[in-house]
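Asker: One structure, as structure tokens, below. Some questions next.
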Number of protein chains: 2
Amino acid sequence: MTVHSPAANRWATRRAEKARRLAQVRSLADGVLLPRERIVAALERLIMPGDRVVLEGNNQKQADFLSRSLAQADPGVLHDLHLIIPSVSRPEHLDLFERGIARKLDFAYAGTQSLRISQFLQDGILEVGAIHTYIELYARLYVDLTPNVVLVAAYQADRHGNLYTGPSTEDTPALVEAAAFRDGIVIAQVNEIVDDPGELRRVDIPGSWVDFVVQADRPFFIEPLFTRDPRLIKPMHVLMAMMAIRGVYERHQVQSLNHGIGFNTAAIELILPTYGEQLGLKGKICRHWTLNPHPTLIPAIESGWVDSVHCFGGELGMEPYIAARPDIFFTGRDGSLRSNRAFCQLAGQYAVDLFIGSTLQMDGLGNSSTVTHGRLTGFGGAPNMGHDPHGRRHASPAWLDLLQTDDPLERGRKLVVQMVETFQGSGRPSVVESLDAVEVGRAAGMPLAPVMIYGDDVTHVLTEEGIAYLYKARSLEERKRMIAAVSGVTPIGLRSTAAERAALRRDGLVALPEDLGVDRRAATRSLLAAKSMADLVEWSDGLYEPPARFRSW
Amino acid sequence: MTVHSPAANRWATRRAEKARRLAQVRSLADGVLLPRERIVAALERLIMPGDRVVLEGNNQKQADFLSRSLAQADPGVLHDLHLIIPSVSRPEHLDLFERGIARKLDFAYAGTQSLRISQFLQDGILEVGAIHTYIELYARLYVDLTPNVVLVAAYQADRHGNLYTGPSTEDTPALVEAAAFRDGIVIAQVNEIVDDPGELRRVDIPGSWVDFVVQADRPFFIEPLFTRDPRLIKPMHVLMAMMAIRGVYERHQVQSLNHGIGFNTAAIELILPTYGEQLGLKGKICRHWTLNPHPTLIPAIESGWVDSVHCFGGELGMEPYIAARPDIFFTGRDGSLRSNRAFCQLAGQYAVDLFIGSTLQMDGLGNSSTVTHGRLTGFGGAPNMGHDPHGRRHASPAWLDLLQTDDPLERGRKLVVQMVETFQGSGRPSVVESLDAVEVGRAAGMPLAPVMIYGDDVTHVLTEEGIAYLYKARSLEERKRMIAAVSGVTPIGLRSTAAERAALRRDGLVALPEDLGVDRRAATRSLLAAKSMADLVEWSDGLYEPPARFRSW
């Protein structure tokens with residue numbers, strides 16, 4: 001490790017400060033290795049009050065040993081930190097605020113901790129810098145949120161600081177680079193320490209970017225967020241999946257795509273090898289994917305539907321399967337997955353034909369949000385996937401298919417498909433006058449409502465009633481009528497008259513299952529290529545190892 | 001280097017094929033080192049006909065030893081390659097097509113080779129996959145354009161394949177990762193080879209991502225694209241710069257920004273320490289920058305205007321200055337710049353308040369293009385910077401300042417400012433009925449016209465006549481009237497009547513210099529903090545070393 005000596009230089013104050021801090025822990029460390037039992041003392045010397053500190057909380061992977069250690073710091077020594085956490089999902093993330101160690105938070109997603117964030121915000125214990133999408137949070141690390149210290153998680157390190165991040169590379173490179181190249185301090189918790197680079201499975205982050213590694217008390221926490229049990233897929237999901245394939249994928253010749261999380265999209269994945277096969281679509285649609293390694297994609301992969309999958313992150317239990325399918329997945333020389341959220345986000349925005357996701361609530365204009373009362377869940381990555389990137393210039397058949405005129409100045413569009421069941425399980429309508437998000441945003445003092453996907457970016461709304469081809473709408477008024485026409489017996493849907501619906505169908509603006517040649521009676525679970533987790537394991541030739549909670553055998 | 005043995009596995013065909021190819025050159029190579037004199041033979045064995053090959057041509061840096069070597073291959077052995085070149089700027093890039101070695105081209109920018117591309121296209125020698133922006137071209141490497149082979153350039157390598165890319169990291173990590181993690185082959189030309197990682201200045205790309213390195217016959221080619229001689233800045237540029245500062249930066253409190261290339265934006269950079277200072281704006285605007293290290297930014301940096309600069313690439317001659325200003329620039333432990341085009345593009349899209357650039361031609365709706373007759377120059381990065389990313393969710397004062405209503409569902413906007421002199425040097429109007437790009441696109445058989453920035457993404461048009469605040473336009477008709485009002489005596493401008501202009505000024509939709517408190521008489525070169533290259537060197541304390549062609553002393 002070469003560190004410049006503090007220069008008496010007004011242009012190198014960050015470097016001097018870093019050198020000063022490193023000197024403080026020299027006696028604690030063995031080169032780049034920090035002893036586990038001195039980690040709290042080391043953090044207290046390497047971090048200063050008021051610092052901007054990135055804590056790797058990603059979508060799945062968590063630097064939880066470091067966050068637990070930081071939470072043990074003395075608030076008299078370490079206070080008023082500005083934490084930057086992509087995904088806040090550990091209780092100690094919030095304990096840090098309760099104990100006064102941290103004061104300000106920038107984040108992208110909250111999940112299980114969202115209620116507590118809202119509460120702390122109300123109580124004045126926590127101040128929110130901003131709520132971001134993942135990619136804009138990384139972006140700001142290179143602009144006005146450059147961190148002083150970055151705390152990350154990896155599988156292995158060697159004694160030079162080289163890191164193997166394993167199948168869950170996720171955000172780590174984007175987080176580390178922002179500190180490593182602006183005289184910030186990078187500390188990695190690892191599950192294992194080896195001596196030399198040759199003993200690492202591979203190098204994901206070069207040692208010259210990393211200041212310290214510490215072996216954690218237990219392997220970092222990881223969450224199987226993208227696993228959906230086929231047993232919970234209902235006939236209605238199958239019907240909607242059939243409509244998506246016929247009315248969107250086949251119609252527009254969708255080659256490359258991103259699926260959001262949920263049972264609706266899992267159903268699409270599971271009927272490609274059955275329904276998609278019957279339609280003769282194999283090799284014609286859905287060849288290139290940007291998505292987490294969904295277990296429900298296994299049957300489509302095994303049936304030869306999928307050419308490639310680039311992943312945001314890993315998925316617990318999918319590691320052996322992925323390692324055995326290197327033609328499909330991005331893997332390193334060692335054979336394990338290389339995920340990369342920053343690049344996958346880029347790919348999902350700029351290189352694919354379609355995003356499809358489900359939402360909990362949509363208004364009559366097509367704006368949608370998964371934010372519900374009392375919860376500040378944040379945005380995650382959906383708003384990035386679910387918009388039409390105006391900076392794109394290359395054409396693809398699907399992108400061009402959405403052109404409405406022959407004006408050479410009209411652009412193609414990314415397909416943004418919103419799947420929504422008109423009623424939630426609770427019996428509350430999903431299509432509403434005003435999103436809950438509007439009220440949540442107001443209550444939390446957000447400058448704007450936390451909308452996930454805006455109606456003007458949505459090209460198709462797909463409900464169990466039918467598909468509204470919103471990209472064809474010639475006015476806001478027409479867009480409203482089209483959404484109402486597929487909104488069933490919700491208050492919004494009841495505004496649509498039979499005559500209006502007939503006219504919209506005649507004009508090709510709305511299509512019902514029968515208009516698409518989708519036989520409602522065929523929409524049963526028997527179309528699912530896998531009906532249970534055990535079926536997925538069988539499809540995978542025993543390679544997929546579902547986490548215990550998903551196993552019933 | 002650990003490479004898996006070819007598995008008799010239908011899911012590992014890429015890995016087996018890679019292993020087969022590597023075995024073919026084992027006798028030529030010394031571990032990862034390929035001998036310079038056998039490079040053509042090695043390329044002929046490592047690349048197969050029809051392969052997708054990424055050739056690092058970046059904006060500035062060129063893997064020119066590898067492109068020159070590839071052009072010497074036997075077209076009987078190596079033919080019909082699909083080349084992916086971010087920036088086509090070497091004659092041999094086109095020779096590859098003339099010789100039949102390559103057949104298809106995906107690119108983002110062409111520059112000096114643009115005429116030849118157009119010619120070859122017409123002659124059927126070359127087929128264009130698509131013309132991209134930089135970032136979407138990288139994105140597609142992870143989706144449907146995964147490369148078989150990637151050829152890149154770096155400063156140093158060690159005998160393990162670790163690379164130091166130097167201040168010009170640019171696109172290299174994004175290009176290498178796509179092959180390294182999908183069983184592609186990565187070959188790097190380097191200026192120097194050292195034995196061990198410890199002798200490298202730093203590691204930018206880990207050796208476990210790189211298959212071969214070869215020492216080039218001479219240092220890789222690099223072009224100082226972002227250097228503008230202050231001597232060529234005219235009073236009109238100064239006037240427009242003053243208007244930008246008062247009418248846009250100050251008005252909207254722009255904190256973070258990206259400047260395009262050109263004399264207009266160079267003038268803004270050079271009057272911050274004079275005019276900006278007089279207005280008392282230091283520390284209040286323009287603190288965080290995403291841009292190449294423009295030499296014309298030196299006076300603003302030295303005067304304390306700038307907190308941070310993150311760079312797409314390097315700039316020839318700026319290296320010593322950057323190394324001496326680590327508080328401002330992103331630098332590694334070794335002290336040299338770390339640029340990263342992929343991350344800087346992200347930052348420029350998602351994390352900054354404003355993009356401002358100049359254009360050669362704009363139509364009456366605000367669509368603009370730098371494409372002129374007979375040239376297929378491509379898009380580069382401007383369309384990414386010059387659009388409003390609908391996937392952004394965090395707010396900033398400038399972004400919120402463009403809200404027009406108090407509807408919680410209205411979004412803020414990125415400021416996209418188009419600077420255009422109403423007439424070009426040649427006396428041809430810059431504001432036109434129809435962009436040349438429309439005709440060029442038609443002639444080249446492009447599906448859409450090659451528009452750089454679309455009018456609906458432009459928030460401000462700034463000419464020497466005044467500023468049109470397009471984001472306030474309530475209709476397409478009003479947008480047209482606003483643009484006409486600042487279009488001077490061009491045919492478009494002549495449509496604007498005095499009464500119309502007065503009304504637009506009264507409504508705050510258009511502002512003339514006098515409306516902004518800008519004194520036209522003050523718009524002289526004397527406002528420039530540096531009037532020559534020599535002045536820039538002096539400001540830099542002798543650290544900036546302009547390339548010879550910019551030196552007159």
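To be explicit about the labels: the chains of the structure tokens are called A, B, and onward in the order shown, and within each one the residues are counted from 1, while ligands get numbers from 1 in the order they are shown.
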Please identify every residue of chain A that has at least one atom no more than 6 Å from any atom of chain B, counting only C-alpha atoms, and report them as a PyMOL selection string.
Answerer: chain A and resi 11-12+14+130-132+136+139-140+143+181-182+206+288+325-327+330-332+346-347+350-351+383-384+387+391+393-394+408+448-449
Asker: Can you pull out every residue within 7 Å of Ser168 (chain B), counting only C-alpha atoms, but drop anything in the same chain fewer than 5 positions away, and send it as a list in words?
Answerer: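 Skipping anything fewer than 5 positions along the chain leaves Lys61, Gly313, Gly314 and Ser339 of chain B.
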Asker: Please produce a file of those selected residues containing C-alpha atoms, as a PDB file, in the first residue's frame.
Answerer:
ATOM      1  CA  LYS B  61      -7.395   7.133 -26.484  1.00  0.00           C
ATOM      2  CA  GLY B 313     -11.487  10.943 -20.086  1.00  0.00           C
ATOM      3  CA  GLY B 314      -8.168  12.702 -19.735  1.00  0.00           C
ATOM      4  CA  SER B 339     -11.341   9.013 -15.554  1.00  0.00           C
TER       5      SER B 339
END
Asker: Between B:Ile117, B:Leu28, B:Ile233, B:Cys286, which residue has the minimum interatomic distance to Ala266 (chain B), considering only C-alpha atoms?
Answerer: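 Answer, going by the shortest atom-to-atom distance: B:Ile233.
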Asker: How far is it from CA of Ile268 (chain B) to CA of Ile356 (chain B), in Å with one decimal?
Answerer: 10.2 Å
Asker: Need to verify the contact set: Leu225 (chain B), 8 Å, only C-alpha atoms, exclusion of same-chain residues closer than 3 positions in sequence. Can you return it as JSON, numbers by chain?
Answerer: {"B": [59, 60, 315]}
Asker: Take the residues from that selection and put them in a file with N, CA, C and O atoms, as a PDB file, in the first residue's frame.
Answerer:
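Okay, this is what ended up in part29.pdb:
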ATOM      1  N   ASN B  59     -12.991   8.269 -27.231  1.00  0.00           N
ATOM      2  CA  ASN B  59     -13.001   9.672 -27.627  1.00  0.00           C
ATOM      3  C   ASN B  59     -11.587  10.184 -27.834  1.00  0.00           C
ATOM      4  O   ASN B  59     -11.276  10.825 -28.827  1.00  0.00           O
ATOM      5  N   GLN B  60     -10.691   9.872 -26.890  1.00  0.00           N
ATOM      6  CA  GLN B  60      -9.324  10.357 -27.011  1.00  0.00           C
ATOM      7  C   GLN B  60      -8.333   9.223 -27.278  1.00  0.00           C
ATOM      8  O   GLN B  60      -7.571   9.260 -28.221  1.00  0.00           O
ATOM      9  N   GLU B 315      -7.062  14.636 -20.648  1.00  0.00           N
ATOM     10  CA  GLU B 315      -6.772  15.629 -21.678  1.00  0.00           C
ATOM     11  C   GLU B 315      -5.265  15.834 -21.727  1.00  0.00           C
ATOM     12  O   GLU B 315      -4.632  16.112 -20.704  1.00  0.00           O
TER      13      GLU B 315
END
Asker: So that I can see what lies close to Gly366 (chain A), please list as a PyMOL selection string the residues with an atom at most 7 Å from it, counting only C-alpha atoms and leaving out residues fewer than 2 positions away in the same chain.
Answerer: chain A and resi 362-364+368+454-455+458
Asker: Please compute the CA of Val416 (chain B)-CA of Ala485 (chain B) distance, one decimal, in Å.
Answerer: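 Atom-to-atom, CA of Val416 (chain B) and CA of Ala485 (chain B) are spaced 18.8 Å apart.
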Asker: For a quick check of understanding, using only C-alpha atoms, which of B:Lys234, B:Lys414, B:Arg26, B:Arg501 has the smallest distance to Phe212 (chain B)?
Answerer: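 Distance minimum relative to Phe212 (chain B) lands on B:Arg26.
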Asker: Would you mind reading off the distance between CA of Ser532 (chain B) and CA of Arg428 (chain B), one decimal, in Å?
Answerer: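 Interatomic distance, CA of Ser532 (chain B) to CA of Arg428 (chain B): 28.4 Å.
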